[in-house]
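S.K.: Enclosed is the structure file input20.txt (compact mmCIF, N, CA and C atoms).
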```txt
# COMPACT_ATOMS: atom_id res chain seq x y z
N MET A 27 246.28 -3.37 63.02
CA MET A 27 245.21 -4.32 63.26
C MET A 27 243.92 -3.55 63.56
N VAL A 28 242.82 -4.05 63.03
CA VAL A 28 241.51 -3.44 63.28
C VAL A 28 241.12 -3.70 64.72
N LYS A 29 240.73 -2.65 65.42
CA LYS A 29 240.42 -2.79 66.84
C LYS A 29 238.95 -2.71 67.16
N ASN A 30 238.18 -2.00 66.37
CA ASN A 30 236.78 -1.77 66.69
C ASN A 30 235.92 -2.22 65.51
N ILE A 31 235.22 -3.35 65.70
CA ILE A 31 234.46 -3.97 64.61
C ILE A 31 232.98 -4.03 64.99
N LEU A 32 232.14 -3.77 63.99
CA LEU A 32 230.69 -3.88 64.16
C LEU A 32 230.20 -4.95 63.19
N ILE A 33 229.42 -5.90 63.72
CA ILE A 33 228.79 -6.93 62.89
C ILE A 33 227.29 -6.75 63.02
N LEU A 34 226.64 -6.47 61.89
CA LEU A 34 225.19 -6.24 61.87
C LEU A 34 224.48 -7.40 61.19
N THR A 35 223.31 -7.75 61.72
CA THR A 35 222.49 -8.78 61.11
C THR A 35 221.06 -8.32 60.99
N GLY A 36 220.33 -8.89 60.07
CA GLY A 36 218.90 -8.65 59.99
C GLY A 36 218.22 -9.66 60.90
N GLY A 37 217.36 -9.20 61.76
CA GLY A 37 216.69 -10.11 62.69
C GLY A 37 217.41 -10.18 64.02
N PRO A 38 217.24 -11.28 64.75
CA PRO A 38 217.79 -11.38 66.11
C PRO A 38 219.32 -11.49 66.15
N LYS A 39 219.89 -10.86 67.18
CA LYS A 39 221.35 -10.89 67.37
C LYS A 39 221.83 -12.28 67.75
N SER A 40 220.92 -13.14 68.18
CA SER A 40 221.32 -14.48 68.62
C SER A 40 222.03 -15.25 67.49
N LYS A 41 221.81 -14.85 66.25
CA LYS A 41 222.50 -15.50 65.12
C LYS A 41 224.00 -15.22 65.15
N LEU A 42 224.42 -14.23 65.91
CA LEU A 42 225.82 -13.81 65.92
C LEU A 42 226.61 -14.31 67.11
N THR A 43 226.00 -15.09 67.98
CA THR A 43 226.68 -15.51 69.21
C THR A 43 227.96 -16.30 68.95
N ASP A 44 228.06 -16.95 67.80
CA ASP A 44 229.28 -17.71 67.50
C ASP A 44 230.51 -16.82 67.34
N PHE A 45 230.32 -15.53 67.20
CA PHE A 45 231.44 -14.59 67.05
C PHE A 45 231.99 -14.10 68.39
N GLU A 46 231.22 -14.24 69.47
CA GLU A 46 231.60 -13.65 70.76
C GLU A 46 232.90 -14.20 71.32
N ILE A 47 233.00 -15.49 71.51
CA ILE A 47 234.18 -16.08 72.15
C ILE A 47 235.44 -15.92 71.28
N PRO A 48 235.38 -16.27 69.99
CA PRO A 48 236.60 -16.09 69.16
C PRO A 48 237.10 -14.65 69.11
N SER A 49 236.19 -13.69 69.07
CA SER A 49 236.63 -12.30 69.01
C SER A 49 237.33 -11.89 70.30
N LYS A 50 236.85 -12.37 71.43
CA LYS A 50 237.51 -12.07 72.71
C LYS A 50 238.88 -12.75 72.78
N GLU A 51 238.96 -13.98 72.29
CA GLU A 51 240.24 -14.69 72.29
C GLU A 51 241.28 -13.99 71.43
N LEU A 52 240.83 -13.33 70.38
CA LEU A 52 241.74 -12.60 69.49
C LEU A 52 242.01 -11.17 69.98
N GLY A 53 241.36 -10.77 71.07
CA GLY A 53 241.56 -9.43 71.61
C GLY A 53 240.89 -8.34 70.81
N LEU A 54 239.84 -8.70 70.08
CA LEU A 54 239.13 -7.73 69.26
C LEU A 54 237.95 -7.13 70.02
N SER A 55 237.69 -5.89 69.74
CA SER A 55 236.51 -5.23 70.28
C SER A 55 235.42 -5.34 69.22
N VAL A 56 234.48 -6.25 69.44
CA VAL A 56 233.43 -6.51 68.47
C VAL A 56 232.07 -6.20 69.07
N THR A 57 231.30 -5.42 68.36
CA THR A 57 229.92 -5.13 68.74
C THR A 57 229.01 -5.93 67.82
N LEU A 58 228.12 -6.70 68.41
CA LEU A 58 227.15 -7.48 67.66
C LEU A 58 225.82 -6.79 67.76
N ALA A 59 225.20 -6.51 66.62
CA ALA A 59 223.95 -5.75 66.65
C ALA A 59 223.05 -6.16 65.49
N SER A 60 221.80 -5.78 65.63
CA SER A 60 220.80 -5.99 64.60
C SER A 60 220.51 -4.66 63.92
N PHE A 61 219.98 -4.71 62.72
CA PHE A 61 219.58 -3.48 62.06
C PHE A 61 218.54 -2.72 62.89
N TYR A 62 217.83 -3.43 63.74
CA TYR A 62 216.85 -2.79 64.62
C TYR A 62 217.51 -1.88 65.65
N ASP A 63 218.80 -2.09 65.91
CA ASP A 63 219.54 -1.31 66.90
C ASP A 63 220.07 0.01 66.34
N ILE A 64 219.93 0.21 65.03
CA ILE A 64 220.44 1.44 64.41
C ILE A 64 219.46 2.59 64.66
N GLU A 65 220.02 3.72 65.04
CA GLU A 65 219.23 4.93 65.26
C GLU A 65 219.95 6.09 64.59
N TYR A 66 219.23 7.14 64.31
CA TYR A 66 219.86 8.30 63.68
C TYR A 66 219.36 9.58 64.33
N SER A 67 220.17 10.61 64.20
CA SER A 67 219.81 11.92 64.70
C SER A 67 220.08 12.94 63.61
N SER A 68 219.05 13.64 63.22
CA SER A 68 219.21 14.70 62.23
C SER A 68 219.07 16.07 62.89
N PHE A 69 218.94 16.07 64.21
CA PHE A 69 218.79 17.32 64.95
C PHE A 69 220.13 17.91 65.36
N GLU A 70 221.18 17.11 65.30
CA GLU A 70 222.51 17.61 65.64
C GLU A 70 223.06 18.37 64.44
N LYS A 71 224.22 18.95 64.62
CA LYS A 71 224.85 19.72 63.55
C LYS A 71 224.99 18.87 62.28
N ASP A 72 225.46 17.66 62.44
CA ASP A 72 225.63 16.74 61.33
C ASP A 72 224.70 15.54 61.55
N PHE A 73 224.32 14.90 60.46
CA PHE A 73 223.53 13.67 60.53
C PHE A 73 224.39 12.60 61.18
N VAL A 74 223.88 11.91 62.19
CA VAL A 74 224.65 10.91 62.91
C VAL A 74 223.89 9.58 62.93
N LEU A 75 224.57 8.51 62.53
CA LEU A 75 224.03 7.16 62.66
C LEU A 75 224.68 6.51 63.86
N LYS A 76 223.88 5.86 64.68
CA LYS A 76 224.39 5.20 65.88
C LYS A 76 223.84 3.79 65.98
N VAL A 77 224.59 2.94 66.62
CA VAL A 77 224.13 1.60 66.95
C VAL A 77 224.39 1.40 68.44
N ASN A 78 223.33 1.11 69.16
CA ASN A 78 223.41 0.96 70.62
C ASN A 78 224.06 2.19 71.27
N GLY A 79 223.80 3.36 70.75
CA GLY A 79 224.32 4.61 71.30
C GLY A 79 225.72 4.99 70.85
N ASN A 80 226.38 4.15 70.05
CA ASN A 80 227.74 4.43 69.58
C ASN A 80 227.70 4.90 68.13
N ASP A 81 228.40 5.98 67.83
CA ASP A 81 228.47 6.53 66.49
C ASP A 81 229.14 5.52 65.55
N LEU A 82 228.52 5.27 64.40
CA LEU A 82 229.10 4.33 63.44
C LEU A 82 230.47 4.78 62.96
N ALA A 83 230.77 6.05 63.01
CA ALA A 83 232.08 6.56 62.60
C ALA A 83 233.20 6.05 63.50
N ASN A 84 232.87 5.56 64.69
CA ASN A 84 233.88 5.05 65.62
C ASN A 84 234.35 3.65 65.28
N TYR A 85 233.66 2.97 64.37
CA TYR A 85 234.04 1.62 64.00
C TYR A 85 235.00 1.65 62.82
N GLN A 86 236.04 0.82 62.90
CA GLN A 86 237.02 0.75 61.82
C GLN A 86 236.57 -0.20 60.72
N LEU A 87 235.72 -1.15 61.07
CA LEU A 87 235.26 -2.16 60.11
C LEU A 87 233.82 -2.52 60.45
N ILE A 88 232.97 -2.56 59.44
CA ILE A 88 231.56 -2.91 59.64
C ILE A 88 231.20 -4.02 58.66
N TYR A 89 230.70 -5.12 59.21
CA TYR A 89 230.21 -6.24 58.39
C TYR A 89 228.70 -6.23 58.41
N PHE A 90 228.09 -6.41 57.25
CA PHE A 90 226.64 -6.51 57.14
C PHE A 90 226.26 -7.95 56.87
```
For this file, write the structure as structure tokens.
M.R.:
Amino acid sequence: MVKNILILTGGPKSKLTDFEIPSKELGLSVTLASFYDIEYSSFEKDFVLKVNGNDLANYQLIYF
């Protein structure tokens, strides 16, 4: 089962609030974010994309 999910939207995250309660009821770890929350670092050894400080590589499933 997928445990770590990221759902991204263009614009405000408030459009994603309908996902909060069902995801908790299913025991899923879901991060709701906007494209505005994405940041990158090219100063590290490897190029890293992050959302709200978390590396995108840590997510098992990403919905756009």
S.K.: Would you pick out the contacts of Lys29 (chain A) at 12 Å or less, using only C-alpha atoms, so that residues sharing its chain but fewer than 4 positions from it are not included, and give the list as a list in words?
M.R.: Ser49, Lys50, Leu52, Gly53, Leu54, Ser55, Val56, Thr57, Asn84, Tyr85, Gln86, Leu87 and Ile88 of chain A
S.K.: Tell me, in Å to one decimal, how far atom N of Phe45 (chain A) is from CA of Leu75 (chain A).
M.R.: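 Going from atom N of Phe45 (chain A) over to CA of Leu75 (chain A), I get 24.0 Å.
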S.K.: Suppose you want the space between atom C of Tyr89 (chain A) and atom N of Ala59 (chain A); what is it in Å?
M.R.: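 Those two atoms sit 8.9 Å apart.
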S.K.: Apply DSSP to the backbone of this structure and, from chain A, keep only the residues in helix (DSSP H, G or I); write these as a ChimeraX atom specification.
M.R.: /A:39-51,61-63,82-84
S.K.: Ranking A:Lys71, A:Lys76, A:Glu46, A:Ile33 by minimum distance to Leu58 (chain A) and counting only N, CA and C atoms, which one comes first?
M.R.: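 For Leu58 (chain A), the nearest of the given residues is A:Ile33.
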S.K.: So the first atom is CA of Ser40 (chain A) and the second is CA of Tyr66 (chain A); what is the distance between them in Å, to one decimal place?
M.R.: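 Straight-line distance from CA of Ser40 (chain A) to CA of Tyr66 (chain A) works out to 23.4 Å.
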S.K.: Show me as a PyMOL selection string the residues that reach within 12 Å of (224.8, 8.0, 65.2), counting only C-alpha atoms and using the file's own coordinates.
M.R.: chain A and resi 63-85
S.K.: Write down as a ChimeraX atom specification the residues belonging to chain A that are assigned strand (DSSP E or B) by DSSP computed on the backbone.
M.R.: /A:30-35,55-60,64-67,74-77,80-81,87-89
